[in-house]
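S.K.: Okay, so here is data11.pdb, and as you'll see once you scroll down, it has PDB, C-alpha atoms.
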```
ATOM      1  CA  MET I 537       8.670 -12.929 -38.747
ATOM      2  CA  ILE I 538       6.787 -13.535 -41.993
ATOM      3  CA  THR I 539       5.120 -10.132 -41.623
ATOM      4  CA  LYS I 540       8.487  -8.412 -41.071
ATOM      5  CA  ILE I 541      10.049 -10.074 -44.111
ATOM      6  CA  SER I 542       7.091  -9.135 -46.311
ATOM      7  CA  ALA I 543       7.204  -5.542 -45.036
ATOM      8  CA  ILE I 544      10.902  -5.249 -45.914
ATOM      9  CA  LEU I 545      10.407  -6.769 -49.360
ATOM     10  CA  SER I 546       7.313  -4.677 -50.120
ATOM     11  CA  GLU I 547       9.177  -1.499 -49.150
ATOM     12  CA  GLU I 548      11.927  -2.412 -51.602
ATOM     13  CA  ILE I 549       9.366  -3.105 -54.347
ATOM     14  CA  LYS I 550       7.614   0.199 -53.588
ATOM     15  CA  LEU I 551      10.879   2.111 -53.971
ATOM     16  CA  ARG I 552      11.896   0.331 -57.180
ATOM     17  CA  LEU I 553       8.469   0.709 -58.821
ATOM     18  CA  ASN I 554       7.679   4.120 -57.325
ATOM     19  CA  SER I 555       4.400   2.711 -55.977
ATOM     20  CA  SER I 556       1.874   4.205 -53.585
ATOM     21  CA  ASP I 557       1.427   3.182 -49.949
ATOM     22  CA  ASN I 558      -1.776   1.331 -50.890
ATOM     23  CA  GLU I 559       0.108  -0.688 -53.501
ATOM     24  CA  LYS I 560       2.845  -1.381 -50.948
ATOM     25  CA  GLU I 561       0.225  -2.864 -48.597
ATOM     26  CA  ILE I 562      -0.996  -5.125 -51.414
ATOM     27  CA  TYR I 563       2.588  -6.217 -52.107
ATOM     28  CA  ALA I 564       3.173  -6.887 -48.408
ATOM     29  CA  TYR I 565       0.022  -8.990 -48.050
ATOM     30  CA  SER I 566       0.747 -10.920 -51.261
ATOM     31  CA  ILE I 567       4.311 -11.647 -50.199
ATOM     32  CA  GLU I 568       3.119 -12.666 -46.730
ATOM     33  CA  VAL I 569       0.640 -15.152 -48.202
ATOM     34  CA  LEU I 570       3.241 -16.570 -50.609
ATOM     35  CA  ILE I 571       5.849 -17.014 -47.867
ATOM     36  CA  SER I 572       3.290 -18.680 -45.603
ATOM     37  CA  LEU I 573       2.160 -21.017 -48.399
ATOM     38  CA  PHE I 574       5.759 -21.881 -49.229
ATOM     39  CA  ILE I 575       6.600 -22.682 -45.591
ATOM     40  CA  ASN I 576       3.401 -24.694 -45.229
ATOM     41  CA  PHE I 577       4.039 -26.709 -48.399
ATOM     42  CA  PHE I 578       7.694 -27.206 -47.488
ATOM     43  CA  ILE I 579       6.764 -28.635 -44.078
ATOM     44  CA  LEU I 580       4.087 -30.867 -45.609
ATOM     45  CA  SER I 581       6.540 -32.062 -48.280
ATOM     46  CA  ILE I 582       9.192 -32.946 -45.718
ATOM     47  CA  THR I 583       6.548 -34.734 -43.648
ATOM     48  CA  ALA I 584       5.326 -36.643 -46.709
ATOM     49  CA  TYR I 585       8.887 -37.664 -47.509
ATOM     50  CA  ILE I 586       9.555 -38.855 -43.944
ATOM     51  CA  LEU I 587       6.270 -40.773 -43.804
ATOM     52  CA  LYS I 588       6.691 -42.017 -47.389
ATOM     53  CA  LYS I 589       3.270 -40.541 -48.187
ATOM     54  CA  GLN I 590       3.938 -38.429 -51.299
ATOM     55  CA  ALA I 591       0.855 -39.701 -53.150
ATOM     56  CA  GLU I 592      -1.219 -38.812 -50.098
ATOM     57  CA  LEU I 593       0.253 -35.298 -50.135
ATOM     58  CA  ILE I 594      -0.790 -34.802 -53.750
ATOM     59  CA  THR I 595      -4.245 -36.158 -52.911
ATOM     60  CA  PHE I 596      -4.512 -33.898 -49.863
ATOM     61  CA  VAL I 597      -3.418 -30.823 -51.828
ATOM     62  CA  VAL I 598      -6.087 -31.497 -54.451
ATOM     63  CA  PHE I 599      -8.944 -32.331 -52.076
ATOM     64  CA  PHE I 600      -8.471 -30.069 -49.041
ATOM     65  CA  PRO I 601      -7.605 -26.697 -50.595
ATOM     66  CA  GLY I 602      -9.516 -27.635 -53.740
ATOM     67  CA  LEU I 603     -12.737 -27.612 -51.781
ATOM     68  CA  ARG I 604     -11.651 -24.852 -49.396
ATOM     69  CA  SER I 605     -11.055 -22.344 -52.199
ATOM     70  CA  TYR I 606     -14.810 -21.847 -52.679
ATOM     71  CA  ALA I 607     -16.452 -23.470 -49.656
ATOM     72  CA  GLY I 608     -14.443 -21.441 -47.136
ATOM     73  CA  GLY I 609     -14.201 -22.504 -43.532
ATOM     74  CA  TYR I 610     -12.173 -21.754 -40.455
ATOM     75  CA  HIS I 611      -9.458 -19.170 -41.052
ATOM     76  CA  ALA I 612      -6.498 -19.321 -38.671
ATOM     77  CA  LYS I 613      -5.621 -16.115 -36.854
ATOM     78  CA  THR I 614      -1.846 -16.551 -37.210
ATOM     79  CA  HIS I 615       0.556 -18.127 -39.679
ATOM     80  CA  ILE I 616       1.807 -20.617 -37.104
ATOM     81  CA  GLU I 617      -1.765 -21.702 -36.317
ATOM     82  CA  CYS I 618      -2.417 -22.172 -40.042
ATOM     83  CA  ILE I 619       0.752 -24.228 -40.451
ATOM     84  CA  ILE I 620      -0.057 -26.403 -37.423
ATOM     85  CA  LEU I 621      -3.666 -26.986 -38.513
ATOM     86  CA  SER I 622      -2.608 -27.818 -42.080
ATOM     87  CA  PHE I 623       0.057 -30.184 -40.758
ATOM     88  CA  CYS I 624      -2.447 -31.957 -38.490
ATOM     89  CA  ALA I 625      -5.070 -32.201 -41.254
ATOM     90  CA  TYR I 626      -2.491 -33.656 -43.644
ATOM     91  CA  VAL I 627      -1.126 -36.205 -41.149
ATOM     92  CA  ILE I 628      -4.635 -37.341 -40.179
ATOM     93  CA  SER I 629      -5.655 -37.627 -43.844
ATOM     94  CA  ALA I 630      -2.461 -39.385 -44.942
ATOM     95  CA  LEU I 631      -2.277 -41.867 -42.074
ATOM     96  CA  SER I 632      -5.961 -42.745 -42.311
ATOM     97  CA  GLY I 633      -5.146 -44.493 -45.607
ATOM     98  CA  THR I 634      -2.629 -46.645 -43.743
ATOM     99  CA  TYR I 635      -4.367 -47.449 -40.481
ATOM    100  CA  LEU I 636      -8.042 -47.448 -41.472
ATOM    101  CA  THR I 637      -7.989 -49.516 -44.673
ATOM    102  CA  GLU I 638     -10.410 -52.098 -43.321
ATOM    103  CA  TYR I 639     -12.969 -49.294 -42.914
ATOM    104  CA  GLY I 640     -12.203 -47.732 -46.303
ATOM    105  CA  GLU I 641     -15.627 -48.137 -47.872
ATOM    106  CA  ILE I 642     -17.385 -46.798 -44.766
ATOM    107  CA  ILE I 643     -15.016 -43.812 -44.609
ATOM    108  CA  LEU I 644     -15.564 -43.152 -48.308
ATOM    109  CA  VAL I 645     -19.361 -43.232 -48.115
ATOM    110  CA  LEU I 646     -19.642 -41.304 -44.840
ATOM    111  CA  GLY I 647     -16.927 -38.818 -45.855
ATOM    112  CA  ILE I 648     -18.590 -38.032 -49.146
ATOM    113  CA  ALA I 649     -22.068 -37.847 -47.600
ATOM    114  CA  PHE I 650     -20.850 -35.563 -44.800
ATOM    115  CA  SER I 651     -18.936 -33.303 -47.189
ATOM    116  CA  VAL I 652     -21.791 -32.984 -49.669
ATOM    117  CA  ILE I 653     -24.326 -32.236 -46.927
ATOM    118  CA  MET I 654     -22.077 -29.688 -45.212
ATOM    119  CA  VAL I 655     -21.185 -27.909 -48.444
ATOM    120  CA  PHE I 656     -24.784 -27.805 -49.659
ATOM    121  CA  LEU I 657     -25.993 -26.490 -46.278
ATOM    122  CA  LEU I 658     -23.197 -24.191 -45.113
ATOM    123  CA  ALA I 659     -20.955 -23.155 -47.994
ATOM    124  CA  PRO I 660     -19.678 -20.660 -48.637
ATOM    125  CA  ALA I 661     -18.538 -19.827 -45.135
ATOM    126  CA  GLU I 662     -17.415 -16.225 -44.954
ATOM    127  CA  SER I 663     -14.559 -15.005 -42.827
ATOM    128  CA  GLU I 664     -14.246 -11.575 -41.274
ATOM    129  CA  ASN I 665     -11.271 -10.994 -43.577
ATOM    130  CA  LYS I 666     -13.218 -11.960 -46.677
ATOM    131  CA  PRO I 667     -16.861 -10.838 -46.672
ATOM    132  CA  LEU I 668     -18.762 -11.809 -49.811
ATOM    133  CA  SER I 669     -21.191  -9.711 -51.819
ATOM    134  CA  SER I 670     -24.489 -11.422 -52.667
ATOM    135  CA  LYS I 671     -23.262 -11.937 -56.240
ATOM    136  CA  LYS I 672     -20.002 -13.555 -55.076
ATOM    137  CA  ARG I 673     -21.845 -15.568 -52.447
ATOM    138  CA  PHE I 674     -24.063 -17.069 -55.173
ATOM    139  CA  LYS I 675     -21.005 -17.790 -57.346
ATOM    140  CA  TYR I 676     -19.076 -19.405 -54.475
ATOM    141  CA  LYS I 677     -22.097 -21.474 -53.452
ATOM    142  CA  LYS I 678     -22.514 -22.799 -56.986
ATOM    143  CA  ASN I 679     -18.785 -23.439 -57.431
ATOM    144  CA  SER I 680     -18.376 -25.151 -54.054
ATOM    145  CA  ARG I 681     -21.267 -27.479 -54.885
ATOM    146  CA  ILE I 682     -19.733 -28.325 -58.248
ATOM    147  CA  ILE I 683     -16.309 -28.864 -56.669
ATOM    148  CA  VAL I 684     -17.600 -31.145 -53.890
ATOM    149  CA  THR I 685     -19.502 -33.169 -56.486
ATOM    150  CA  VAL I 686     -16.459 -33.517 -58.772
ATOM    151  CA  LEU I 687     -14.144 -34.331 -55.853
ATOM    152  CA  SER I 688     -16.622 -36.910 -54.553
ATOM    153  CA  ALA I 689     -16.771 -38.575 -57.965
ATOM    154  CA  THR I 690     -12.967 -38.486 -58.112
ATOM    155  CA  ALA I 691     -12.725 -40.154 -54.683
ATOM    156  CA  VAL I 692     -15.057 -42.908 -55.895
ATOM    157  CA  CYS I 693     -12.890 -43.360 -59.009
ATOM    158  CA  LEU I 694      -9.813 -43.616 -56.769
ATOM    159  CA  TYR I 695     -11.604 -46.366 -54.857
ATOM    160  CA  PHE I 696     -12.087 -48.383 -58.045
ATOM    161  CA  VAL I 697      -8.407 -48.070 -59.003
ATOM    162  CA  ARG I 698      -7.089 -48.731 -55.479
ATOM    163  CA  GLY I 699      -5.213 -51.774 -56.764
ATOM    164  CA  THR I 700      -3.013 -49.361 -58.720
ATOM    165  CA  VAL I 701      -2.997 -46.197 -56.588
ATOM    166  CA  GLY I 702      -3.429 -47.673 -53.120
ATOM    167  CA  TYR I 703      -5.731 -46.315 -50.465
ATOM    168  CA  VAL I 704      -5.535 -42.632 -51.398
ATOM    169  CA  TYR I 705      -9.312 -42.604 -51.737
ATOM    170  CA  ILE I 706      -9.414 -42.727 -47.926
ATOM    171  CA  THR I 707      -7.036 -39.754 -47.767
ATOM    172  CA  ALA I 708      -9.325 -37.932 -50.212
ATOM    173  CA  ALA I 709     -12.495 -38.637 -48.212
ATOM    174  CA  VAL I 710     -10.873 -37.644 -44.917
ATOM    175  CA  ALA I 711      -9.383 -34.444 -46.394
ATOM    176  CA  MET I 712     -12.800 -33.409 -47.752
ATOM    177  CA  SER I 713     -14.436 -34.248 -44.422
ATOM    178  CA  LEU I 714     -11.933 -32.180 -42.446
ATOM    179  CA  GLU I 715     -12.433 -29.204 -44.749
ATOM    180  CA  SER I 716     -16.216 -29.618 -44.517
ATOM    181  CA  LEU I 717     -15.977 -29.797 -40.734
ATOM    182  CA  SER I 718     -14.190 -26.441 -40.742
ATOM    183  CA  LEU I 719     -17.358 -24.875 -42.164
ATOM    184  CA  PHE I 720     -18.758 -24.996 -38.612
ATOM    185  CA  TRP I 721     -16.033 -22.633 -37.411
ATOM    186  CA  ASP I 722     -16.148 -19.882 -39.970
TER     187      ASP I 722
END
```
Can I see the file as C-alpha cells?
M.R.:
Amino acid sequence: MITKISAILSEEIKLRLNSSDNEKEIYAYSIEVLISLFINFFILSITAYILKKQAELITFVVFFPGLRSYAGGYHAKTHIECIILSFCAYVISALSGTYLTEYGEIILVLGIAFSVIMVFLLAPAESENKPLSSKKRFKYKKNSRIIVTVLSATAVCLYFVRGTVGYVYITAAVAMSLESLSLFWD
C-alpha cells in the first residue's frame, strides 16, 4: 500500500516538474520512506501515550536510531516488518524502565559495555540495499564509535539525574543494546 501511494504521488510530481523516470524513482523511494517513518512514529506515539511513556519514546528515538544511523544493523525486508520490529524494540525499551528498575545499574553497565564492544567490533554493518565504499565505511566506523561513546556518556548522565527524569537511563541502555544486537543480523 505504501509503495502504491508513493508511486501515485511520484507520478504526479514527475508530471508537474517534467522530471525524468530516474528522478521519479527517487521521488517514489523518498516518499515511501517518509510515509513509512510517519506511520512508524505515529504508532510509537500512540503507544507511548497509551502506556504513559512519552519520555521513554523521546529517549528511544534519540538512542536507537541515533546509533543505527551510522552503525547499521538488520534491515527489515518489508514496511510492516520494520514497523513491528520498531514497535517491539520500543515497548521492550520503554517497559524495561518500569519493570527492571531494581537492576538498573546492572542494565546500564552491561548495556553500555555490550553496545560499545559490538559497535567497535562490527559497525558499520552494511545492508544489501546500502553497500559502503571504503571511504564511507571508514567514515561510518568513526562516526558510529563517536556516537556510541556520546550516547553511553549521556545514558550515564541520565542515571545521575534519575531523581528528576526517572528511569529513562534504562530505556537508553536497552535501546542501544537492541540496536547493537541487530549488528549480528546485517
S.K.: When you draw a straight line from atom CA of Ile682 of chain I to atom CA of Ile620 of chain I, how long is it in Å?
M.R.: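 Atom CA of Ile682 of chain I sits 28.7 Å away from atom CA of Ile620 of chain I.
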S.K.: As a check of understanding, name the residues that the PyMOL selection byres ((chain I and resi 713-718) around 7) selects in the supplied structure, as a list in words.
M.R.: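 Listing what the PyMOL selection byres ((chain I and resi 713-718) around 7) selects in the shown file: Phe600, Arg604, Gly609, Tyr610, Ala625, Gly647, Phe650, Ser651, Met654, Val655, Ala709, Val710, Ala711, Met712, Leu719, Phe720, Trp721 and Asp722 of chain I.
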S.K.: Could you save the residues just selected, with C-alpha atoms, as a PDB file, keeping the file's coordinate frame?
M.R.:
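File written: again25.pdb
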```pdb
ATOM      1  CA  PHE I 600      -8.471 -30.069 -49.041  1.00  0.00           C
ATOM      2  CA  ARG I 604     -11.651 -24.852 -49.396  1.00  0.00           C
ATOM      3  CA  GLY I 609     -14.201 -22.504 -43.532  1.00  0.00           C
ATOM      4  CA  TYR I 610     -12.173 -21.754 -40.455  1.00  0.00           C
ATOM      5  CA  ALA I 625      -5.070 -32.201 -41.254  1.00  0.00           C
ATOM      6  CA  GLY I 647     -16.927 -38.818 -45.855  1.00  0.00           C
ATOM      7  CA  PHE I 650     -20.850 -35.563 -44.800  1.00  0.00           C
ATOM      8  CA  SER I 651     -18.936 -33.303 -47.189  1.00  0.00           C
ATOM      9  CA  MET I 654     -22.077 -29.688 -45.212  1.00  0.00           C
ATOM     10  CA  VAL I 655     -21.185 -27.909 -48.444  1.00  0.00           C
ATOM     11  CA  ALA I 709     -12.495 -38.637 -48.212  1.00  0.00           C
ATOM     12  CA  VAL I 710     -10.873 -37.644 -44.917  1.00  0.00           C
ATOM     13  CA  ALA I 711      -9.383 -34.444 -46.394  1.00  0.00           C
ATOM     14  CA  MET I 712     -12.800 -33.409 -47.752  1.00  0.00           C
ATOM     15  CA  LEU I 719     -17.358 -24.875 -42.164  1.00  0.00           C
ATOM     16  CA  PHE I 720     -18.758 -24.996 -38.612  1.00  0.00           C
ATOM     17  CA  TRP I 721     -16.033 -22.633 -37.411  1.00  0.00           C
ATOM     18  CA  ASP I 722     -16.148 -19.882 -39.970  1.00  0.00           C
TER      19      ASP I 722
END
```
S.K.: Once the PyMOL selection byres ((chain I and resi 553-570) around 9) is applied to the coordinates I shared, what remains selected? I want it as a PDB file with C-alpha atoms, in the frame of the given file.
M.R.:
```pdb
ATOM      1  CA  ILE I 538       6.787 -13.535 -41.993  1.00  0.00           C
ATOM      2  CA  THR I 539       5.120 -10.132 -41.623  1.00  0.00           C
ATOM      3  CA  LYS I 540       8.487  -8.412 -41.071  1.00  0.00           C
ATOM      4  CA  ILE I 541      10.049 -10.074 -44.111  1.00  0.00           C
ATOM      5  CA  SER I 542       7.091  -9.135 -46.311  1.00  0.00           C
ATOM      6  CA  ALA I 543       7.204  -5.542 -45.036  1.00  0.00           C
ATOM      7  CA  ILE I 544      10.902  -5.249 -45.914  1.00  0.00           C
ATOM      8  CA  LEU I 545      10.407  -6.769 -49.360  1.00  0.00           C
ATOM      9  CA  SER I 546       7.313  -4.677 -50.120  1.00  0.00           C
ATOM     10  CA  GLU I 547       9.177  -1.499 -49.150  1.00  0.00           C
ATOM     11  CA  GLU I 548      11.927  -2.412 -51.602  1.00  0.00           C
ATOM     12  CA  ILE I 549       9.366  -3.105 -54.347  1.00  0.00           C
ATOM     13  CA  LYS I 550       7.614   0.199 -53.588  1.00  0.00           C
ATOM     14  CA  LEU I 551      10.879   2.111 -53.971  1.00  0.00           C
ATOM     15  CA  ARG I 552      11.896   0.331 -57.180  1.00  0.00           C
ATOM     16  CA  ILE I 571       5.849 -17.014 -47.867  1.00  0.00           C
ATOM     17  CA  SER I 572       3.290 -18.680 -45.603  1.00  0.00           C
ATOM     18  CA  LEU I 573       2.160 -21.017 -48.399  1.00  0.00           C
ATOM     19  CA  PHE I 574       5.759 -21.881 -49.229  1.00  0.00           C
ATOM     20  CA  ILE I 575       6.600 -22.682 -45.591  1.00  0.00           C
TER      21      ILE I 575
END
```
S.K.: Determine the nearest neighbour of Leu631 of chain I from the options I:Tyr703, I:Phe577, I:Phe674, I:Phe599, counting all atoms listed in the file.
M.R.: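 Of I:Tyr703, I:Phe577, I:Phe674, I:Phe599, the one nearest Leu631 of chain I, counting all atoms listed in the file, is I:Tyr703.
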S.K.: Figure out the distance between atom CA of Ser680 of chain I and atom CA of Phe656 of chain I, please, to one decimal in Å.
M.R.: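 Interatomic distance, atom CA of Phe656 of chain I to atom CA of Ser680 of chain I: 8.2 Å.
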S.K.: Nearest to Gly633 of chain I: which of I:Asn576, I:Phe596, I:Val686, I:Lys677 is it, counting all atoms listed in the file?
M.R.: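 Among I:Asn576, I:Phe596, I:Val686, I:Lys677, it is I:Phe596 that comes nearest to Gly633 of chain I.
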S.K.: Running the PyMOL selection byres ((chain I and resi 607) around 6) on this model by hand, what would come out? Give it as a compact mmCIF listing (two decimals) with C-alpha atoms, keeping the file's coordinate frame.
M.R.:
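Contents of selection_38.txt, as written:
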```txt
# COMPACT_ATOMS: atom_id res chain seq x y z
CA LEU I 603 -12.74 -27.61 -51.78
CA ARG I 604 -11.65 -24.85 -49.40
CA TYR I 606 -14.81 -21.85 -52.68
CA GLY I 608 -14.44 -21.44 -47.14
CA ALA I 659 -20.96 -23.16 -47.99
CA PRO I 660 -19.68 -20.66 -48.64
CA SER I 680 -18.38 -25.15 -54.05
```
S.K.: One decimal, Å: what's the distance from atom CA of Gly602 of chain I over to atom CA of Val684 of chain I, could you say?
M.R.: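 For atom CA of Gly602 of chain I relative to atom CA of Val684 of chain I, the distance reads 8.8 Å.
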S.K.: Of the residues I:Ser670, I:Thr707, I:Thr583, I:Ser629, which is the one nearest to Val692 of chain I, using only C-alpha atoms?
M.R.: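 Going through I:Ser670, I:Thr707, I:Thr583, I:Ser629 one by one, the smallest distance to Val692 of chain I is for I:Thr707.
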S.K.: Pick from I:Leu658, I:Leu587, I:Ile616, I:Ala691: nearest to Val645 of chain I, with all atoms listed in the file counted?
M.R.: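 Nearest to Val645 of chain I: I:Ala691.
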